[in-house]
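Structure file my_file_13.tsv (TSV, C-alpha atoms) is printed below.
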chain	number	residue	atom	x	y	z
O	1	MET	CA	0.00	0.00	0.00
O	2	ASP	CA	1.30	3.39	-0.95
O	3	TRP	CA	2.56	5.42	2.02
O	4	LEU	CA	0.56	8.45	0.92
O	5	GLU	CA	-2.63	6.40	0.92
O	6	GLN	CA	-1.95	5.21	4.46
O	7	VAL	CA	-2.44	8.76	5.68
O	8	LYS	CA	-6.05	9.43	6.69
O	9	TRP	CA	-6.71	12.66	4.83
O	10	ASP	CA	-9.58	14.73	6.18
O	11	SER	CA	-12.66	15.70	4.16
O	12	ASP	CA	-10.67	18.56	2.61
O	13	GLY	CA	-7.84	16.20	1.66
O	14	LEU	CA	-5.57	17.65	4.34
O	15	VAL	CA	-3.60	16.43	7.33
O	16	PRO	CA	-2.41	18.54	10.30
O	17	VAL	CA	1.37	18.86	10.59
O	18	ILE	CA	3.50	19.78	13.61
O	19	ALA	CA	7.06	21.04	13.03
O	20	GLN	CA	9.45	20.39	15.90
O	21	GLU	CA	13.00	21.71	15.96
O	22	GLN	CA	15.84	19.20	15.89
O	23	GLY	CA	18.02	19.56	18.98
O	24	THR	CA	15.96	22.01	21.06
O	25	LYS	CA	12.76	19.98	20.45
O	26	ASP	CA	10.84	23.26	20.47
O	27	VAL	CA	7.49	23.06	18.70
O	28	LEU	CA	7.96	25.73	16.03
O	29	MET	CA	4.70	25.77	14.13
O	30	PHE	CA	1.60	23.96	13.01
O	31	ALA	CA	0.31	23.83	9.45
O	32	TRP	CA	-1.48	21.58	6.95
O	33	MET	CA	-0.45	19.39	4.04
O	34	ASN	CA	-2.32	17.79	1.17
O	35	ARG	CA	-1.02	14.72	-0.68
O	36	GLU	CA	1.04	16.81	-3.06
O	37	ALA	CA	2.63	18.79	-0.20
O	38	LEU	CA	3.55	15.66	1.75
O	39	ALA	CA	4.99	14.01	-1.37
O	40	ALA	CA	6.98	17.19	-2.15
O	41	THR	CA	8.27	17.36	1.43
O	42	ALA	CA	9.50	13.77	1.25
O	43	ALA	CA	11.06	14.31	-2.17
O	44	ARG	CA	12.81	17.63	-1.43
O	45	GLY	CA	13.72	17.12	2.20
O	46	GLN	CA	12.26	20.56	2.89
O	47	ALA	CA	8.86	21.37	4.36
O	48	VAL	CA	6.17	22.07	1.79
O	49	TYR	CA	2.79	22.86	3.31
O	50	PHE	CA	-0.63	23.58	1.86
O	51	SER	CA	-1.81	27.11	2.55
O	52	ARG	CA	-5.52	26.98	3.34
O	53	SER	CA	-5.87	30.76	2.94
O	54	ARG	CA	-4.08	30.92	-0.42
O	55	LYS	CA	-5.31	27.47	-1.48
O	56	ARG	CA	-1.97	26.46	-2.92
O	57	LEU	CA	1.27	24.69	-2.04
O	58	TRP	CA	3.47	26.76	0.20
O	59	HIS	CA	7.15	25.93	0.20
O	60	LYS	CA	8.04	27.28	3.63
O	61	GLY	CA	10.70	29.95	3.13
O	62	GLU	CA	9.76	30.73	-0.47
O	63	GLU	CA	9.30	34.41	0.48
O	64	SER	CA	11.18	34.69	3.77
O	65	GLY	CA	14.14	32.46	2.96
O	66	HIS	CA	13.32	30.70	6.26
O	67	PHE	CA	13.05	27.21	4.85
O	68	GLN	CA	12.90	24.05	6.93
O	69	GLU	CA	15.21	21.11	6.39
O	70	VAL	CA	13.30	17.94	7.26
O	71	HIS	CA	15.21	15.23	9.13
O	72	GLU	CA	12.36	12.94	10.03
O	73	MET	CA	8.65	12.51	9.38
O	74	ARG	CA	6.37	10.63	11.75
O	75	LEU	CA	2.73	9.61	11.56
O	76	ASP	CA	0.53	9.18	14.61
O	77	CYS	CA	-1.44	6.15	15.80
O	78	ASP	CA	-4.58	7.15	13.89
O	79	ALA	CA	-2.55	8.02	10.77
O	80	ASP	CA	-4.12	11.46	10.69
O	81	VAL	CA	-1.38	13.76	12.08
O	82	VAL	CA	2.21	14.24	10.86
O	83	LEU	CA	5.16	15.30	13.01
O	84	LEU	CA	8.26	16.73	11.31
O	85	THR	CA	11.68	17.09	12.88
O	86	VAL	CA	13.29	20.09	11.20
O	87	THR	CA	16.20	22.47	11.17
O	88	GLN	CA	14.86	25.98	10.69
O	89	HIS	CA	17.20	27.82	8.30
O	90	GLY	CA	17.55	31.43	7.11
O	91	HIS	CA	18.31	33.28	10.33
O	92	ASP	CA	20.38	32.76	13.47
O	93	PRO	CA	18.72	32.40	15.95
O	94	ALA	CA	16.11	30.45	14.01
O	95	ILE	CA	12.84	32.13	13.04
O	96	ALA	CA	9.88	29.94	12.15
O	97	CYS	CA	7.05	32.43	12.78
O	98	HIS	CA	5.88	35.08	10.32
O	99	THR	CA	5.90	37.54	13.24
O	100	GLY	CA	9.70	37.25	13.33
O	101	ARG	CA	9.74	35.02	16.42
O	102	HIS	CA	11.46	31.69	16.96
O	103	SER	CA	8.24	29.75	17.40
O	104	CYS	CA	4.62	30.49	16.59
O	105	PHE	CA	3.69	29.50	20.16
O	106	PHE	CA	4.71	32.73	21.86
O	107	GLN	CA	1.50	33.49	23.78
O	108	ARG	CA	1.39	31.91	27.22
O	109	PHE	CA	-1.77	31.56	29.26
O	110	ASP	CA	-1.29	33.38	32.55
O	111	SER	CA	-3.75	35.13	34.88
O	112	LEU	CA	-6.64	34.41	32.48
O	113	GLN	CA	-4.84	36.11	29.59
O	114	TRP	CA	-2.72	35.11	26.61
O	115	GLN	CA	0.51	36.95	27.23
O	116	THR	CA	3.29	37.39	24.67
O	117	VAL	CA	6.44	35.92	26.22
O	118	GLU	CA	8.87	35.55	23.29
O	119	PRO	CA	10.81	38.34	21.59
O	120	VAL	CA	10.67	39.39	17.94
O	121	LEU	CA	14.08	38.40	16.53
O	122	LYS	CA	13.70	40.24	13.24
O	123	ASP	CA	11.22	42.85	12.01
O	124	PRO	CA	8.69	40.98	9.82
O	125	GLU	CA	8.74	43.90	7.37
O	126	SER	CA	12.39	43.17	6.67
O	127	ILE	CA	11.68	39.43	6.35
O	128	TYR	CA	8.99	39.79	3.68
O	129	ARG	CA	10.57	42.28	1.30
T	1	MET	CA	-11.75	40.51	25.88
T	2	ASP	CA	-12.31	37.05	27.25
T	3	TRP	CA	-9.36	34.69	26.70
T	4	LEU	CA	-11.65	31.98	25.34
T	5	GLU	CA	-12.98	34.39	22.73
T	6	GLN	CA	-9.46	35.25	21.60
T	7	VAL	CA	-9.07	31.70	20.33
T	8	LYS	CA	-10.08	31.40	16.68
T	9	TRP	CA	-12.38	28.40	16.82
T	10	ASP	CA	-12.89	26.59	13.52
T	11	SER	CA	-16.27	26.12	11.84
T	12	ASP	CA	-16.95	23.16	14.15
T	13	GLY	CA	-16.09	25.24	17.21
T	14	LEU	CA	-12.81	23.36	17.72
T	15	VAL	CA	-9.12	24.13	18.00
T	16	PRO	CA	-6.23	21.71	17.38
T	17	VAL	CA	-4.15	20.92	20.47
T	18	ILE	CA	-0.60	19.56	20.72
T	19	ALA	CA	0.52	17.94	23.99
T	20	GLN	CA	4.25	18.11	24.66
T	21	GLU	CA	5.90	16.37	27.59
T	22	GLN	CA	7.54	18.54	30.22
T	23	GLY	CA	11.22	17.71	30.52
T	24	THR	CA	11.73	15.40	27.53
T	25	LYS	CA	9.85	17.82	25.23
T	26	ASP	CA	8.51	14.80	23.34
T	27	VAL	CA	5.36	15.50	21.36
T	28	LEU	CA	3.00	12.99	22.94
T	29	MET	CA	-0.26	13.45	21.08
T	30	PHE	CA	-2.55	15.68	19.09
T	31	ALA	CA	-6.23	16.21	19.79
T	32	TRP	CA	-9.00	18.80	19.67
T	33	MET	CA	-10.75	21.05	22.17
T	34	ASN	CA	-13.95	23.05	22.11
T	35	ARG	CA	-14.55	26.06	24.36
T	36	GLU	CA	-15.82	23.90	27.19
T	37	ALA	CA	-12.80	21.57	26.99
T	38	LEU	CA	-10.31	24.43	27.01
T	39	ALA	CA	-12.10	26.10	29.92
T	40	ALA	CA	-12.15	22.79	31.82
T	41	THR	CA	-8.44	22.21	31.11
T	42	ALA	CA	-7.59	25.63	32.50
T	43	ALA	CA	-9.83	25.15	35.54
T	44	ARG	CA	-8.69	21.60	36.45
T	45	GLY	CA	-5.05	21.78	35.43
T	46	GLN	CA	-5.57	18.49	33.59
T	47	ALA	CA	-6.08	17.99	29.88
T	48	VAL	CA	-9.72	17.77	28.82
T	49	TYR	CA	-10.18	17.29	25.10
T	50	PHE	CA	-13.20	17.07	22.84
T	51	SER	CA	-13.61	13.66	21.23
T	52	ARG	CA	-14.75	14.18	17.65
T	53	SER	CA	-15.70	10.50	17.29
T	54	ARG	CA	-17.72	10.36	20.52
T	55	LYS	CA	-18.84	14.00	20.23
T	56	ARG	CA	-18.31	14.70	23.89
T	57	LEU	CA	-15.76	16.01	26.37
T	58	TRP	CA	-12.96	13.55	26.98
T	59	HIS	CA	-11.05	13.95	30.22
T	60	LYS	CA	-7.81	12.28	29.14
T	61	GLY	CA	-7.23	9.34	31.50
T	62	GLU	CA	-10.89	8.93	32.49
T	63	GLU	CA	-10.73	5.28	31.36
T	64	SER	CA	-7.01	4.54	31.29
T	65	GLY	CA	-5.96	6.47	34.38
T	66	HIS	CA	-3.33	8.07	32.15
T	67	PHE	CA	-4.26	11.68	32.83
T	68	GLN	CA	-2.20	14.69	31.88
T	69	GLU	CA	-1.18	17.36	34.35
T	70	VAL	CA	-1.00	20.66	32.47
T	71	HIS	CA	1.87	23.00	33.35
T	72	GLU	CA	1.52	25.54	30.60
T	73	MET	CA	-0.85	26.45	27.77
T	74	ARG	CA	0.29	28.41	24.76
T	75	LEU	CA	-1.56	29.87	21.77
T	76	ASP	CA	0.02	30.33	18.36
T	77	CYS	CA	0.42	33.50	16.26
T	78	ASP	CA	-2.89	33.00	14.47
T	79	ALA	CA	-4.66	32.10	17.73
T	80	ASP	CA	-5.92	28.88	16.18
T	81	VAL	CA	-3.64	26.20	17.69
T	82	VAL	CA	-2.97	25.39	21.38
T	83	LEU	CA	0.23	23.84	22.75
T	84	LEU	CA	0.14	22.18	26.17
T	85	THR	CA	3.14	21.33	28.31
T	86	VAL	CA	2.14	18.26	30.33
T	87	THR	CA	3.26	15.57	32.68
T	88	GLN	CA	1.79	12.27	31.55
T	89	HIS	CA	0.67	10.35	34.65
T	90	GLY	CA	-0.59	6.81	35.32
T	91	HIS	CA	2.34	4.68	34.22
T	92	ASP	CA	6.13	4.74	34.44
T	93	PRO	CA	7.47	5.10	31.79
T	94	ALA	CA	4.75	7.47	30.65
T	95	ILE	CA	2.09	6.26	28.21
T	96	ALA	CA	0.12	8.84	26.24
T	97	CYS	CA	-1.04	6.66	23.35
T	98	HIS	CA	-4.05	4.34	23.40
T	99	THR	CA	-1.80	1.69	21.77
T	100	GLY	CA	0.21	1.55	25.01
T	101	ARG	CA	3.13	3.53	23.64
T	102	HIS	CA	4.83	6.60	25.08
T	103	SER	CA	3.84	8.86	22.21
T	104	CYS	CA	1.26	8.61	19.44
T	105	PHE	CA	3.98	9.46	16.91
T	106	PHE	CA	5.58	6.02	16.72
T	107	GLN	CA	5.55	5.51	12.95
T	108	ARG	CA	8.64	6.88	11.22
T	109	PHE	CA	8.89	7.44	7.48
T	110	ASP	CA	11.74	5.37	6.11
T	111	SER	CA	12.31	3.77	2.70
T	112	LEU	CA	8.90	5.00	1.47
T	113	GLN	CA	7.13	3.29	4.36
T	114	TRP	CA	5.71	4.22	7.76
T	115	GLN	CA	7.62	1.97	10.12
T	116	THR	CA	6.75	1.39	13.77
T	117	VAL	CA	9.81	2.37	15.80
T	118	GLU	CA	8.54	2.66	19.38
T	119	PRO	CA	7.71	-0.22	21.73
T	120	VAL	CA	4.39	-0.99	23.38
T	121	LEU	CA	4.98	-0.32	27.09
T	122	LYS	CA	1.75	-1.88	28.29
T	123	ASP	CA	-0.83	-4.09	26.61
T	124	PRO	CA	-3.77	-1.81	25.66
T	125	GLU	CA	-6.20	-4.53	26.77
T	126	SER	CA	-4.90	-4.19	30.30
T	127	ILE	CA	-5.09	-0.37	30.10
T	128	TYR	CA	-8.76	-0.24	29.09
T	129	ARG	CA	-10.32	-2.75	31.43
Conversion result in structure tokens:
Amino acid sequence: MDWLEQVKWDSDGLVPVIAQEQGTKDVLMFAWMNREALAATAARGQAVYFSRSRKRLWHKGEESGHFQEVHEMRLDCDADVVLLTVTQHGHDPAIACHTGRHSCFFQRFDSLQWQTVEPVLKDPESIYR
Amino acid sequence: MDWLEQVKWDSDGLVPVIAQEQGTKDVLMFAWMNREALAATAARGQAVYFSRSRKRLWHKGEESGHFQEVHEMRLDCDADVVLLTVTQHGHDPAIACHTGRHSCFFQRFDSLQWQTVEPVLKDPESIYR
């Protein structure tokens, strides 16, 4: 059975994807892939997602230069979630978030509020020229 | 503005949730929450998900005893994904997966196949009595 067919695609033909940083094990971001994106990711060794807003393949880093080298791909018990182990390239320290932060998960729940607890490493306006 | 309203719930009123283990930083599982589940998680300090198959709140560990103590909750840049930092209780070594494995992400992509690379720590039949 083809490995792409073993993935349980949702009704939109998508699967949720978690990107975790090699070494630090920080969870950097969450996105979606369709069959074509997952096949492209496996073939290139770089993360290619499916942008639900733009309804097209999104080679992470295509605009920002912040591409993700993929070391490992894992599938969960229900075959409906993918976990990538990646090295986030393009900036040191690594920036995965479009806000210019290391990780997209920069808002921590504290005192009944979501509080921003991670710094902007680079002005997003200078990332997306 | 209420913190629950700041979350961008999808058309089904759900948000994807990643559970990451405190200490090891292993990604243990992926699930979903609705407003009630997220509010209950914050109130109890234990993970309460929404089961899409059973269409009801699912207090993780209610059957298995493998509950998750929640240390931190984070929200991503688009406010549509939640990341939990948890301690997985109920068994040593910790079991988060219903298959009796540490993590749900036990299938690694290798040689164009998803290959099981993590051991079963406890027979699932003895977990769900």
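Each of O:Ser111, O:Gln20, O:Ser53, O:Gln46 was compared to Trp32 of chain O using all atoms listed in the file, and O:Ser53 turns out to be the nearest.
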Compile the residues of chain O that lie within 8 Å of chain T, evaluated using only C-alpha atoms, and express the compilation as a JSON list (two decimals) with C-alpha atoms, in the coordinates of the input.
[["chain", "number", "residue", "atom", "x", "y", "z"],
["O", 2, "ASP", "CA", 1.30, 3.39, -0.95],
["O", 3, "TRP", "CA", 2.56, 5.42, 2.02],
["O", 25, "LYS", "CA", 12.76, 19.98, 20.45],
["O", 26, "ASP", "CA", 10.84, 23.26, 20.47],
["O", 29, "MET", "CA", 4.70, 25.77, 14.13],
["O", 30, "PHE", "CA", 1.60, 23.96, 13.01],
["O", 72, "GLU", "CA", 12.36, 12.94, 10.03],
["O", 73, "MET", "CA", 8.65, 12.51, 9.38],
["O", 74, "ARG", "CA", 6.37, 10.63, 11.75],
["O", 75, "LEU", "CA", 2.73, 9.61, 11.56],
["O", 76, "ASP", "CA", 0.53, 9.18, 14.61],
["O", 77, "CYS", "CA", -1.44, 6.15, 15.80],
["O", 81, "VAL", "CA", -1.38, 13.76, 12.08],
["O", 82, "VAL", "CA", 2.21, 14.24, 10.86],
["O", 83, "LEU", "CA", 5.16, 15.30, 13.01],
["O", 97, "CYS", "CA", 7.05, 32.43, 12.78],
["O", 99, "THR", "CA", 5.90, 37.54, 13.24],
["O", 104, "CYS", "CA", 4.62, 30.49, 16.59],
["O", 105, "PHE", "CA", 3.69, 29.50, 20.16],
["O", 106, "PHE", "CA", 4.71, 32.73, 21.86],
["O", 107, "GLN", "CA", 1.50, 33.49, 23.78],
["O", 108, "ARG", "CA", 1.39, 31.91, 27.22],
["O", 109, "PHE", "CA", -1.77, 31.56, 29.26],
["O", 112, "LEU", "CA", -6.64, 34.41, 32.48],
["O", 113, "GLN", "CA", -4.84, 36.11, 29.59],
["O", 114, "TRP", "CA", -2.72, 35.11, 26.61]]
Item to check | d(atom CA of Thr41 of chain O, atom CA of Glu5 of chain O) in Å | outcome: 15.5 Å
Item to check | Cut-off 9 Å around (-2.0, 16.3, 37.9) with all atoms listed in the file: residues as a ChimeraX atom specification | outcome: /T:44-46,67-71,86-89
Need the axis-aligned box for segment 3-22 of chain O with 3 Å each side, so what are the centre and edges in Å to one decimal, as AutoDock Vina command-line options?
--center_x 1.6 --center_y 13.5 --center_z 8.4 --size_x 34.5 --size_y 22.5 --size_z 21.0
Could you fit chain T onto chain O with a least-squares superposition over all C-alpha atoms, matched one to one in order, and give me the transformed chain as an mmCIF file with C-alpha atoms, in the coordinates of the input?
data_model
loop_
_atom_site.group_PDB
_atom_site.id
_atom_site.type_symbol
_atom_site.label_atom_id
_atom_site.label_comp_id
_atom_site.auth_asym_id
_atom_site.auth_seq_id
_atom_site.Cartn_x
_atom_site.Cartn_y
_atom_site.Cartn_z
ATOM 1 C CA MET T 1 -0.020 -0.024 -0.005
ATOM 2 C CA ASP T 2 1.286 3.378 -0.946
ATOM 3 C CA TRP T 3 2.550 5.408 2.030
ATOM 4 C CA LEU T 4 0.561 8.453 0.927
ATOM 5 C CA GLU T 5 -2.626 6.396 0.937
ATOM 6 C CA GLN T 6 -1.955 5.208 4.479
ATOM 7 C CA VAL T 7 -2.441 8.765 5.694
ATOM 8 C CA LYS T 8 -6.048 9.426 6.686
ATOM 9 C CA TRP T 9 -6.716 12.658 4.838
ATOM 10 C CA ASP T 10 -9.598 14.733 6.185
ATOM 11 C CA SER T 11 -12.664 15.706 4.155
ATOM 12 C CA ASP T 12 -10.666 18.564 2.603
ATOM 13 C CA GLY T 13 -7.849 16.196 1.660
ATOM 14 C CA LEU T 14 -5.566 17.642 4.353
ATOM 15 C CA VAL T 15 -3.587 16.429 7.336
ATOM 16 C CA PRO T 16 -2.406 18.531 10.299
ATOM 17 C CA VAL T 17 1.376 18.863 10.584
ATOM 18 C CA ILE T 18 3.508 19.779 13.606
ATOM 19 C CA ALA T 19 7.067 21.033 13.029
ATOM 20 C CA GLN T 20 9.472 20.384 15.891
ATOM 21 C CA GLU T 21 13.015 21.718 15.950
ATOM 22 C CA GLN T 22 15.837 19.199 15.889
ATOM 23 C CA GLY T 23 18.015 19.572 18.961
ATOM 24 C CA THR T 24 15.964 22.002 21.064
ATOM 25 C CA LYS T 25 12.770 19.978 20.443
ATOM 26 C CA ASP T 26 10.832 23.254 20.446
ATOM 27 C CA VAL T 27 7.486 23.062 18.686
ATOM 28 C CA LEU T 28 7.970 25.719 16.027
ATOM 29 C CA MET T 29 4.700 25.769 14.128
ATOM 30 C CA PHE T 30 1.593 23.961 13.010
ATOM 31 C CA ALA T 31 0.311 23.818 9.454
ATOM 32 C CA TRP T 32 -1.467 21.584 6.956
ATOM 33 C CA MET T 33 -0.445 19.391 4.037
ATOM 34 C CA ASN T 34 -2.315 17.787 1.178
ATOM 35 C CA ARG T 35 -1.027 14.723 -0.676
ATOM 36 C CA GLU T 36 1.032 16.822 -3.052
ATOM 37 C CA ALA T 37 2.628 18.791 -0.194
ATOM 38 C CA LEU T 38 3.544 15.665 1.746
ATOM 39 C CA ALA T 39 4.968 14.024 -1.375
ATOM 40 C CA ALA T 40 6.965 17.182 -2.154
ATOM 41 C CA THR T 41 8.259 17.371 1.437
ATOM 42 C CA ALA T 42 9.477 13.789 1.237
ATOM 43 C CA ALA T 43 11.041 14.322 -2.192
ATOM 44 C CA ARG T 44 12.804 17.645 -1.431
ATOM 45 C CA GLY T 45 13.708 17.110 2.205
ATOM 46 C CA GLN T 46 12.250 20.555 2.907
ATOM 47 C CA ALA T 47 8.863 21.359 4.373
ATOM 48 C CA VAL T 48 6.173 22.074 1.789
ATOM 49 C CA TYR T 49 2.799 22.853 3.302
ATOM 50 C CA PHE T 50 -0.617 23.576 1.858
ATOM 51 C CA SER T 51 -1.808 27.111 2.546
ATOM 52 C CA ARG T 52 -5.515 26.969 3.336
ATOM 53 C CA SER T 53 -5.865 30.751 2.948
ATOM 54 C CA ARG T 54 -4.069 30.909 -0.411
ATOM 55 C CA LYS T 55 -5.299 27.452 -1.474
ATOM 56 C CA ARG T 56 -1.967 26.451 -2.911
ATOM 57 C CA LEU T 57 1.278 24.688 -2.055
ATOM 58 C CA TRP T 58 3.477 26.757 0.213
ATOM 59 C CA HIS T 59 7.165 25.920 0.195
ATOM 60 C CA LYS T 60 8.036 27.269 3.642
ATOM 61 C CA GLY T 61 10.698 29.955 3.148
ATOM 62 C CA GLU T 62 9.785 30.723 -0.474
ATOM 63 C CA GLU T 63 9.318 34.397 0.479
ATOM 64 C CA SER T 64 11.187 34.700 3.767
ATOM 65 C CA GLY T 65 14.141 32.457 2.982
ATOM 66 C CA HIS T 66 13.337 30.714 6.263
ATOM 67 C CA PHE T 67 13.040 27.200 4.876
ATOM 68 C CA GLN T 68 12.892 24.041 6.926
ATOM 69 C CA GLU T 69 15.211 21.110 6.379
ATOM 70 C CA VAL T 70 13.296 17.946 7.260
ATOM 71 C CA HIS T 71 15.202 15.232 9.129
ATOM 72 C CA GLU T 72 12.365 12.941 10.044
ATOM 73 C CA MET T 73 8.649 12.507 9.370
ATOM 74 C CA ARG T 74 6.393 10.634 11.738
ATOM 75 C CA LEU T 75 2.733 9.604 11.556
ATOM 76 C CA ASP T 76 0.526 9.193 14.605
ATOM 77 C CA CYS T 77 -1.454 6.146 15.795
ATOM 78 C CA ASP T 78 -4.576 7.149 13.883
ATOM 79 C CA ALA T 79 -2.541 8.028 10.775
ATOM 80 C CA ASP T 80 -4.123 11.470 10.689
ATOM 81 C CA VAL T 81 -1.381 13.758 12.070
ATOM 82 C CA VAL T 82 2.222 14.234 10.840
ATOM 83 C CA LEU T 83 5.167 15.304 13.008
ATOM 84 C CA LEU T 84 8.260 16.730 11.317
ATOM 85 C CA THR T 85 11.688 17.077 12.877
ATOM 86 C CA VAL T 86 13.290 20.101 11.204
ATOM 87 C CA THR T 87 16.182 22.477 11.164
ATOM 88 C CA GLN T 88 14.866 25.995 10.690
ATOM 89 C CA HIS T 89 17.205 27.820 8.292
ATOM 90 C CA GLY T 90 17.571 31.430 7.107
ATOM 91 C CA HIS T 91 18.324 33.272 10.328
ATOM 92 C CA ASP T 92 20.384 32.755 13.475
ATOM 93 C CA PRO T 93 18.724 32.419 15.941
ATOM 94 C CA ALA T 94 16.119 30.466 14.015
ATOM 95 C CA ILE T 95 12.842 32.139 13.038
ATOM 96 C CA ALA T 96 9.869 29.946 12.162
ATOM 97 C CA CYS T 97 7.061 32.435 12.768
ATOM 98 C CA HIS T 98 5.884 35.083 10.308
ATOM 99 C CA THR T 99 5.905 37.555 13.246
ATOM 100 C CA GLY T 100 9.706 37.241 13.351
ATOM 101 C CA ARG T 101 9.742 35.030 16.422
ATOM 102 C CA HIS T 102 11.465 31.693 16.953
ATOM 103 C CA SER T 103 8.240 29.762 17.396
ATOM 104 C CA CYS T 104 4.607 30.497 16.589
ATOM 105 C CA PHE T 105 3.677 29.507 20.150
ATOM 106 C CA PHE T 106 4.708 32.742 21.855
ATOM 107 C CA GLN T 107 1.507 33.504 23.765
ATOM 108 C CA ARG T 108 1.389 31.901 27.205
ATOM 109 C CA PHE T 109 -1.772 31.569 29.269
ATOM 110 C CA ASP T 110 -1.298 33.379 32.553
ATOM 111 C CA SER T 111 -3.764 35.127 34.872
ATOM 112 C CA LEU T 112 -6.656 34.389 32.474
ATOM 113 C CA GLN T 113 -4.845 36.096 29.608
ATOM 114 C CA TRP T 114 -2.730 35.112 26.608
ATOM 115 C CA GLN T 115 0.510 36.960 27.213
ATOM 116 C CA THR T 116 3.289 37.391 24.661
ATOM 117 C CA VAL T 117 6.438 35.926 26.206
ATOM 118 C CA GLU T 118 8.856 35.546 23.287
ATOM 119 C CA PRO T 119 10.805 38.339 21.581
ATOM 120 C CA VAL T 120 10.670 39.379 17.942
ATOM 121 C CA LEU T 121 14.078 38.397 16.534
ATOM 122 C CA LYS T 122 13.693 40.239 13.253
ATOM 123 C CA ASP T 123 11.227 42.844 12.028
ATOM 124 C CA PRO T 124 8.687 40.992 9.823
ATOM 125 C CA GLU T 125 8.756 43.896 7.354
ATOM 126 C CA SER T 126 12.399 43.170 6.670
ATOM 127 C CA ILE T 127 11.687 39.421 6.350
ATOM 128 C CA TYR T 128 8.984 39.789 3.692
ATOM 129 C CA ARG T 129 10.519 42.301 1.337
#
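As for atom CA of Ser126 of chain O and atom CA of Ala40 of chain O, they are spaced 28.0 Å apart.
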Reconstructed N, CA, C and O atoms for segment 50-62 of chain O, given as a PDB file, in the frame of the given file:
ATOM      1  N   PHE O  50       0.467  23.094   2.684  1.00  0.00           N
ATOM      2  CA  PHE O  50      -0.630  23.580   1.860  1.00  0.00           C
ATOM      3  C   PHE O  50      -1.240  24.773   2.588  1.00  0.00           C
ATOM      4  O   PHE O  50      -1.701  24.645   3.727  1.00  0.00           O
ATOM      5  N   SER O  51      -1.221  25.910   1.941  1.00  0.00           N
ATOM      6  CA  SER O  51      -1.810  27.110   2.550  1.00  0.00           C
ATOM      7  C   SER O  51      -3.317  27.087   2.335  1.00  0.00           C
ATOM      8  O   SER O  51      -3.797  27.145   1.198  1.00  0.00           O
ATOM      9  N   ARG O  52      -4.055  27.009   3.450  1.00  0.00           N
ATOM     10  CA  ARG O  52      -5.520  26.980   3.340  1.00  0.00           C
ATOM     11  C   ARG O  52      -6.070  28.341   2.911  1.00  0.00           C
ATOM     12  O   ARG O  52      -7.096  28.412   2.247  1.00  0.00           O
ATOM     13  N   SER O  53      -5.391  29.425   3.306  1.00  0.00           N
ATOM     14  CA  SER O  53      -5.870  30.760   2.940  1.00  0.00           C
ATOM     15  C   SER O  53      -5.613  31.051   1.456  1.00  0.00           C
ATOM     16  O   SER O  53      -6.466  31.585   0.764  1.00  0.00           O
ATOM     17  N   ARG O  54      -4.421  30.645   0.984  1.00  0.00           N
ATOM     18  CA  ARG O  54      -4.080  30.920  -0.420  1.00  0.00           C
ATOM     19  C   ARG O  54      -4.451  29.771  -1.346  1.00  0.00           C
ATOM     20  O   ARG O  54      -4.342  29.872  -2.546  1.00  0.00           O
ATOM     21  N   LYS O  55      -4.882  28.659  -0.726  1.00  0.00           N
ATOM     22  CA  LYS O  55      -5.310  27.470  -1.480  1.00  0.00           C
ATOM     23  C   LYS O  55      -4.275  27.030  -2.507  1.00  0.00           C
ATOM     24  O   LYS O  55      -4.592  26.752  -3.666  1.00  0.00           O
ATOM     25  N   ARG O  56      -3.025  26.959  -2.037  1.00  0.00           N
ATOM     26  CA  ARG O  56      -1.970  26.460  -2.920  1.00  0.00           C
ATOM     27  C   ARG O  56      -0.810  25.920  -2.083  1.00  0.00           C
ATOM     28  O   ARG O  56      -0.735  26.192  -0.877  1.00  0.00           O
ATOM     29  N   LEU O  57       0.080  25.180  -2.740  1.00  0.00           N
ATOM     30  CA  LEU O  57       1.270  24.690  -2.040  1.00  0.00           C
ATOM     31  C   LEU O  57       2.075  25.876  -1.560  1.00  0.00           C
ATOM     32  O   LEU O  57       2.141  26.915  -2.222  1.00  0.00           O
ATOM     33  N   TRP O  58       2.693  25.690  -0.425  1.00  0.00           N
ATOM     34  CA  TRP O  58       3.470  26.760   0.200  1.00  0.00           C
ATOM     35  C   TRP O  58       4.800  26.138   0.636  1.00  0.00           C
ATOM     36  O   TRP O  58       4.857  25.433   1.627  1.00  0.00           O
ATOM     37  N   HIS O  59       5.823  26.403  -0.159  1.00  0.00           N
ATOM     38  CA  HIS O  59       7.150  25.930   0.200  1.00  0.00           C
ATOM     39  C   HIS O  59       7.679  26.898   1.264  1.00  0.00           C
ATOM     40  O   HIS O  59       8.079  28.018   0.945  1.00  0.00           O
ATOM     41  N   LYS O  60       7.647  26.434   2.492  1.00  0.00           N
ATOM     42  CA  LYS O  60       8.040  27.280   3.630  1.00  0.00           C
ATOM     43  C   LYS O  60       9.402  27.919   3.362  1.00  0.00           C
ATOM     44  O   LYS O  60      10.370  27.201   3.104  1.00  0.00           O
ATOM     45  N   GLY O  61       9.453  29.248   3.405  1.00  0.00           N
ATOM     46  CA  GLY O  61      10.700  29.950   3.130  1.00  0.00           C
ATOM     47  C   GLY O  61      10.759  30.546   1.734  1.00  0.00           C
ATOM     48  O   GLY O  61      11.702  31.256   1.406  1.00  0.00           O
ATOM     49  N   GLU O  62       9.735  30.262   0.922  1.00  0.00           N
ATOM     50  CA  GLU O  62       9.760  30.730  -0.470  1.00  0.00           C
ATOM     51  C   GLU O  62       9.821  32.263  -0.545  1.00  0.00           C
ATOM     52  O   GLU O  62      10.421  32.814  -1.464  1.00  0.00           O
TER      53      GLU O  62
END
